[in-house]
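K.L.:
Just one file: model33.csv, with CSV, C-alpha atoms.
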chain,number,residue,atom,x,y,z
A,26,ALA,CA,0.0,0.0,0.0
A,27,ARG,CA,2.8,2.4,0.8
A,28,ASP,CA,4.4,1.7,-2.6
A,29,ARG,CA,1.1,2.6,-4.2
A,30,VAL,CA,0.9,5.9,-2.3
A,31,ARG,CA,4.5,6.7,-3.4
A,32,PHE,CA,3.6,6.0,-7.0
A,33,ASP,CA,0.4,8.1,-6.8
A,34,ASP,CA,2.4,11.1,-5.4
A,35,SER,CA,5.2,10.7,-7.8
A,36,ARG,CA,2.8,11.1,-10.7
A,37,VAL,CA,1.5,14.4,-9.3
A,38,GLY,CA,5.1,15.5,-8.6
A,39,LEU,CA,6.2,14.9,-12.1
A,40,ASP,CA,3.2,16.6,-13.5
A,41,LEU,CA,4.1,19.8,-11.6
A,42,THR,CA,7.8,19.7,-12.0
A,43,LEU,CA,8.2,18.3,-15.6
A,44,GLU,CA,5.2,17.5,-17.7
A,45,PHE,CA,3.1,20.6,-17.1
A,46,ALA,CA,5.6,22.7,-15.2
A,47,ASP,CA,6.1,25.6,-17.6
A,48,PRO,CA,3.9,28.6,-16.5
A,49,HIS,CA,4.3,30.3,-19.8
A,50,HIS,CA,2.7,27.3,-21.6
A,51,PRO,CA,0.2,26.5,-18.9
A,52,ALA,CA,-1.9,23.4,-18.7
A,53,LEU,CA,-4.9,22.9,-16.4
A,54,VAL,CA,-4.9,19.2,-15.5
A,55,SER,CA,-6.6,16.9,-13.0
A,56,ALA,CA,-5.0,16.8,-9.6
A,57,GLN,CA,-6.7,13.6,-8.4
A,58,GLU,CA,-8.0,10.5,-10.1
A,59,ALA,CA,-8.6,6.9,-8.8
A,60,HIS,CA,-5.0,6.0,-9.8
A,61,PHE,CA,-3.1,9.1,-8.5
A,62,GLY,CA,-3.3,12.0,-6.0
A,63,ASP,CA,-1.2,13.9,-3.5
A,64,GLY,CA,-2.3,12.2,-0.3
A,65,GLY,CA,-5.3,14.4,0.4
A,66,ASN,CA,-7.7,12.5,-1.9
A,67,THR,CA,-11.4,12.6,-1.2
A,68,ALA,CA,-14.2,11.0,-3.2
A,69,ASP,CA,-16.4,14.2,-2.7
A,70,CYS,CA,-14.0,16.4,-4.6
A,71,VAL,CA,-12.9,17.0,-8.2
A,72,TYR,CA,-9.6,18.9,-8.3
A,73,PHE,CA,-7.8,20.7,-11.1
A,74,HIS,CA,-4.5,22.5,-10.8
A,75,ALA,CA,-1.8,24.3,-12.8
A,76,VAL,CA,1.6,25.9,-12.4
A,77,ILE,CA,1.4,29.6,-13.0
A,78,ASP,CA,3.7,32.7,-12.7
A,79,GLY,CA,2.1,35.4,-10.6
A,80,ARG,CA,3.9,38.1,-12.7
A,81,SER,CA,2.0,37.0,-15.8
A,82,SER,CA,-1.7,37.3,-16.6
A,83,TYR,CA,-4.0,34.4,-17.4
A,84,ARG,CA,-7.6,33.7,-18.5
A,85,LEU,CA,-9.5,30.8,-17.0
A,86,ARG,CA,-12.7,30.0,-18.9
A,87,GLY,CA,-15.2,27.3,-19.7
A,88,THR,CA,-18.4,26.0,-18.1
A,89,ARG,CA,-19.1,26.1,-14.4
A,90,GLY,CA,-20.6,22.6,-14.1
A,91,GLU,CA,-23.1,21.5,-11.5
A,92,ALA,CA,-21.0,21.1,-8.3
A,93,PRO,CA,-22.9,22.8,-5.4
A,94,LEU,CA,-19.6,24.1,-4.0
A,95,MET,CA,-16.6,25.4,-5.9
A,96,GLU,CA,-13.4,27.4,-5.2
A,97,ILE,CA,-10.7,28.8,-7.4
A,98,GLY,CA,-7.6,29.7,-5.5
A,99,ILE,CA,-4.1,30.9,-6.2
A,100,TYR,CA,-1.2,30.1,-3.9
A,101,ASP,CA,2.5,30.8,-3.4
A,102,GLY,CA,3.2,27.1,-3.6
A,103,LYS,CA,1.8,23.6,-3.1
A,104,ILE,CA,1.9,21.6,0.1
A,105,GLY,CA,4.8,19.1,-0.1
A,106,LEU,CA,6.3,20.6,-3.2
A,107,ASP,CA,7.3,24.1,-2.3
A,108,PRO,CA,8.7,25.7,0.9
A,109,VAL,CA,5.5,27.7,1.4
A,110,SER,CA,1.9,27.2,0.3
A,111,LYS,CA,-0.2,30.1,1.5
A,112,ARG,CA,-3.3,31.4,-0.2
A,113,ILE,CA,-2.9,34.6,-2.2
A,114,ASP,CA,-6.5,35.1,-3.5
A,115,ALA,CA,-9.6,33.0,-4.1
A,116,VAL,CA,-13.2,33.0,-5.2
A,117,THR,CA,-15.9,30.6,-4.2
A,118,GLU,CA,-19.3,29.8,-5.9
A,119,ALA,CA,-20.8,32.6,-3.8
A,120,GLY,CA,-18.8,35.2,-5.6
A,121,LEU,CA,-18.3,33.6,-9.0
A,122,VAL,CA,-20.3,35.3,-11.7
A,123,VAL,CA,-21.7,32.7,-14.1
A,124,GLY,CA,-23.3,33.4,-17.5
A,125,ALA,CA,-26.8,32.5,-18.6
A,126,HIS,CA,-25.5,29.3,-20.2
A,127,GLY,CA,-23.2,28.3,-17.4
A,128,GLU,CA,-20.1,29.9,-18.8
A,129,VAL,CA,-17.4,31.4,-16.6
A,130,ASP,CA,-14.5,33.7,-17.4
A,131,VAL,CA,-11.9,34.4,-14.7
A,132,ARG,CA,-8.9,36.8,-15.0
A,133,ILE,CA,-5.7,36.1,-13.0
A,134,GLY,CA,-2.8,38.5,-12.8
A,135,PRO,CA,-1.0,41.3,-11.1
A,136,GLY,CA,-2.0,44.9,-11.1
A,137,LEU,CA,-5.7,44.2,-11.8
A,138,ALA,CA,-7.8,47.0,-10.5
A,139,ASP,CA,-10.4,46.2,-7.8
A,140,ASN,CA,-13.1,47.5,-10.2
A,141,ALA,CA,-11.8,45.4,-13.1
A,142,GLY,CA,-15.1,43.5,-13.0
A,143,PRO,CA,-16.2,40.2,-11.5
A,144,ASN,CA,-14.1,37.0,-11.4
A,145,VAL,CA,-10.7,38.6,-10.9
A,146,LEU,CA,-7.9,37.0,-8.8
A,147,HIS,CA,-5.0,39.2,-7.8
A,148,SER,CA,-1.7,37.5,-8.1
A,149,ASP,CA,1.8,38.8,-7.0
A,150,ALA,CA,5.4,37.8,-7.7
A,151,THR,CA,5.2,35.0,-5.3
A,152,THR,CA,2.2,33.3,-6.8
A,153,ARG,CA,3.0,30.0,-8.5
A,154,TYR,CA,0.1,27.6,-8.2
A,155,LEU,CA,-3.6,27.5,-9.2
A,156,PHE,CA,-5.9,25.0,-7.5
A,157,ILE,CA,-9.6,24.5,-8.3
A,158,ARG,CA,-11.8,22.5,-6.0
A,159,GLN,CA,-15.3,21.2,-6.7
A,160,TYR,CA,-17.4,19.5,-4.1
A,161,ALA,CA,-20.4,17.2,-4.6
A,162,HIS,CA,-21.8,14.2,-2.7
A,163,ASP,CA,-22.6,12.2,-5.9
A,164,TRP,CA,-20.5,12.7,-8.9
A,165,ARG,CA,-22.4,10.0,-10.8
A,166,SER,CA,-25.2,12.6,-11.3
A,167,THR,CA,-23.1,15.8,-11.2
A,168,THR,CA,-21.4,17.4,-14.2
A,169,PRO,CA,-18.0,18.9,-13.3
A,170,ALA,CA,-16.6,22.1,-14.6
A,171,SER,CA,-14.9,22.1,-18.0
A,172,LEU,CA,-12.2,24.7,-18.0
A,173,SER,CA,-9.1,25.8,-19.8
A,174,LEU,CA,-6.2,28.1,-18.9
A,175,GLU,CA,-4.7,30.6,-21.3
A,176,LEU,CA,-1.6,32.8,-20.9
A,177,LEU,CA,-2.5,36.4,-21.9
A,178,ASP,CA,1.1,37.6,-22.0
A,179,PRO,CA,3.3,37.0,-25.0
A,180,ALA,CA,5.1,33.7,-24.8
A,181,THR,CA,7.6,31.8,-27.0
A,182,ALA,CA,6.0,29.8,-29.8
A,183,THR,CA,7.2,26.5,-28.3
A,184,PRO,CA,8.3,25.3,-24.9
A,185,PRO,CA,12.1,25.3,-24.3
A,186,PRO,CA,13.9,22.1,-25.2
A,187,LEU,CA,14.0,19.4,-22.6
A,188,THR,CA,17.5,18.8,-21.2
A,189,LEU,CA,19.0,16.2,-18.9
A,190,ALA,CA,19.5,18.9,-16.2
A,191,VAL,CA,15.8,19.7,-16.3
A,192,VAL,CA,14.8,16.1,-16.0
A,193,GLU,CA,17.2,15.4,-13.2
A,194,ASP,CA,15.9,18.4,-11.3
A,195,ALA,CA,12.3,17.4,-11.8
A,196,LEU,CA,13.0,13.8,-10.6
A,197,ASP,CA,14.7,15.2,-7.5
A,198,ARG,CA,11.9,17.6,-6.7
A,199,SER,CA,9.3,14.9,-7.4
A,200,ALA,CA,11.1,12.4,-5.0
A,201,ARG,CA,11.2,15.1,-2.3
A,202,PHE,CA,7.5,15.8,-2.9
A,203,VAL,CA,6.6,12.1,-2.2
A,204,HIS,CA,8.4,12.3,1.1
A,205,ASP,CA,7.3,15.8,2.1
A,206,ALA,CA,3.7,15.4,1.2
A,207,ALA,CA,3.5,12.2,3.2
A,208,VAL,CA,5.0,14.0,6.2
A,209,ALA,CA,2.6,16.9,5.9
A,210,TRP,CA,-0.5,14.8,5.6
A,211,ALA,CA,0.6,12.6,8.5
A,212,ALA,CA,0.9,15.7,10.6
A,213,VAL,CA,-2.7,16.7,9.6
A,214,VAL,CA,-3.9,13.3,10.7
A,215,ASP,CA,-2.0,13.5,14.0
A,216,ASN,CA,-3.4,16.9,14.8
A,217,THR,CA,-6.9,15.8,14.0
A,218,ARG,CA,-6.6,12.9,16.4
A,219,ARG,CA,-5.7,15.3,19.2
A,220,GLU,CA,-8.9,17.4,18.6
A,221,PRO,CA,-12.1,16.5,20.5
A,222,ALA,CA,-14.5,14.2,18.6
A,223,ASN,CA,-17.3,15.8,16.5
A,224,VAL,CA,-15.9,19.3,16.9
A,225,LEU,CA,-15.1,21.4,13.8
A,226,THR,CA,-12.0,23.6,14.4
A,227,PRO,CA,-11.7,26.8,12.3
A,228,VAL,CA,-8.6,26.8,10.1
A,229,PRO,CA,-6.2,29.5,11.3
A,230,ASP,CA,-5.6,32.5,9.0
A,231,GLY,CA,-2.3,32.3,7.1
A,232,ILE,CA,-1.8,28.5,7.6
A,233,ASP,CA,0.8,27.2,5.2
A,234,MET,CA,-1.1,24.2,3.8
A,235,THR,CA,-2.7,25.2,0.4
A,236,VAL,CA,-6.0,25.4,2.3
A,237,PRO,CA,-9.3,26.7,0.8
A,238,THR,CA,-11.0,29.8,2.0
A,239,GLY,CA,-14.6,29.0,2.0
A,240,HIS,CA,-15.1,25.2,2.4
Please, can you express the file's structure as structure tokens?
P.N.:
Amino acid sequence: ARDRVRFDDSRVGLDLTLEFADPHHPALVSAQEAHFGDGGNTADCVYFHAVIDGRSSYRLRGTRGEAPLMEIGIYDGKIGLDPVSKRIDAVTEAGLVVGAHGEVDVRIGPGLADNAGPNVLHSDATTRYLFIRQYAHDWRSTTPASLSLELLDPATATPPPLTLAVVEDALDRSARFVHDAAVAWAAVVDNTRREPANVLTPVPDGIDMTVPTGH
């Protein structure tokens, strides 16, 4: 079982450090499936994530889907992968403006004015991770969101060539992610066991765990 967990985590680690790691050629991909995850898997959630650069501007668009609860958040890292993973900005279904036909259009970037319109997430130079959460009790009868992520700033026509040094660094970071994610989630379990039974404890502000804001 432990080997399966290591394999599951290594898949996520390689996605974020190698396969889809270029923020100037972004890819919004699944963060959890039956055969992979990061240790925090739950059957109630559908997760998407992407590596981004908070100094650049992005457009997230598509259809909202039917999940009763949803949150789009940007962070200065991901738990287990980066030294920090605090939330920079987020919007939940309560604040997300959805079109008449279920369409959503979210802008992410630095220097966006507060009156720039709905569905704006303000990034800064530390922002490096986009995480989308959707919650439903029965996904067999619930349509998830269908979204794509587009870089609005000019980018090179093609990603830079893959080198041995890049692969070696990605493998090293992915291996450390397998270890560090396991340590982080074990700490969550240990802390939960110390709490009184059937008591919901509010998440402290500023906690460094890639936590949601509304759910």
K.L.:
With only C-alpha atoms as the atoms that count, which of A:Leu85, A:Ala150, A:Ile157, A:Val192 lies nearest to Phe73 of chain A?
P.N.:
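When distances to Phe73 of chain A are compared using only C-alpha atoms, the smallest one comes from A:Ile157.
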K.L.:
For Glu96 of chain A, which of A:Leu189, A:Val109, A:Leu196, A:Ala115 is the closest residue, counting all atoms listed in the file?
P.N.:
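Smallest separation from Glu96 of chain A among the options: A:Ala115.
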K.L.:
Please report, as a tab-separated table, each residue of segment 77-191 of chain A lying at most 8 Å from segment 198-214 of chain A, together with the nearest pair of atoms and the separation in Å rounded to one decimal; use only C-alpha atoms, and order rows by chain and ascending residue number.
P.N.:
residue	atom	partner	partner_atom	distance
A:Ile104	CA	A:Ala206	CA	6.5
A:Gly105	CA	A:Ala206	CA	4.1
A:Leu106	CA	A:Phe202	CA	5.0
K.L.:
Name the residues, using the chain letters and numbers of the file, that sit within 9 Å of (-8.9, 23.9, -3.4) when counting all atoms listed in the file, and give them as JSON, numbers by chain.
P.N.:
{"A": [72, 73, 74, 95, 96, 97, 98, 99, 155, 156, 157, 158, 159, 235, 236, 237, 238, 240]}
K.L.:
Would you compute the distance between atom CA of Ala52 of chain A and atom CA of Glu128 of chain A? Give it in Å to one decimal.
P.N.:
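Computed distance, atom CA of Ala52 of chain A to atom CA of Glu128 of chain A, equals 19.3 Å.
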K.L.:
Of the candidates A:Gly120, A:Gly127, A:Pro184, A:Gly136, which shows the shortest atom-to-atom distance to Pro51 of chain A, using all atoms listed in the file?
P.N.:
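With all atoms listed in the file as the atom set, the closest residue is A:Pro184.
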K.L.:
Hey, can you check how far atom CA of Arg80 of chain A sits from atom CA of Thr152 of chain A?
P.N.:
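Distance reported for this atom pair: 7.8 Å.
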K.L.:
Can you list, as a list in words, every protein, DNA or RNA residue that comes within 9 Å of Gln57 of chain A when you count only C-alpha atoms, leaving out same-chain residues fewer than 3 positions away?
P.N.:
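Skipping anything fewer than 3 positions along the chain leaves Val37, His60, Phe61, Gly62, Asp63, Gly65, Asn66, Thr67, Cys70, Val71, Tyr72 and Phe73 of chain A.
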K.L.:
Just checking: using all atoms listed in the file, which residue out of A:Arg112, A:Arg84, A:His50, A:Arg36 ends up closest to Leu172 of chain A?
P.N.:
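Between A:Arg112, A:Arg84, A:His50, A:Arg36, the residue approaching Leu172 of chain A most closely is A:Arg84.
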K.L.:
I need the residue nearest Asp47 of chain A from this list: A:Ala190, A:Ala138, A:Val76, A:Ala68. Use only C-alpha atoms for the distance.
P.N.:
A:Val76
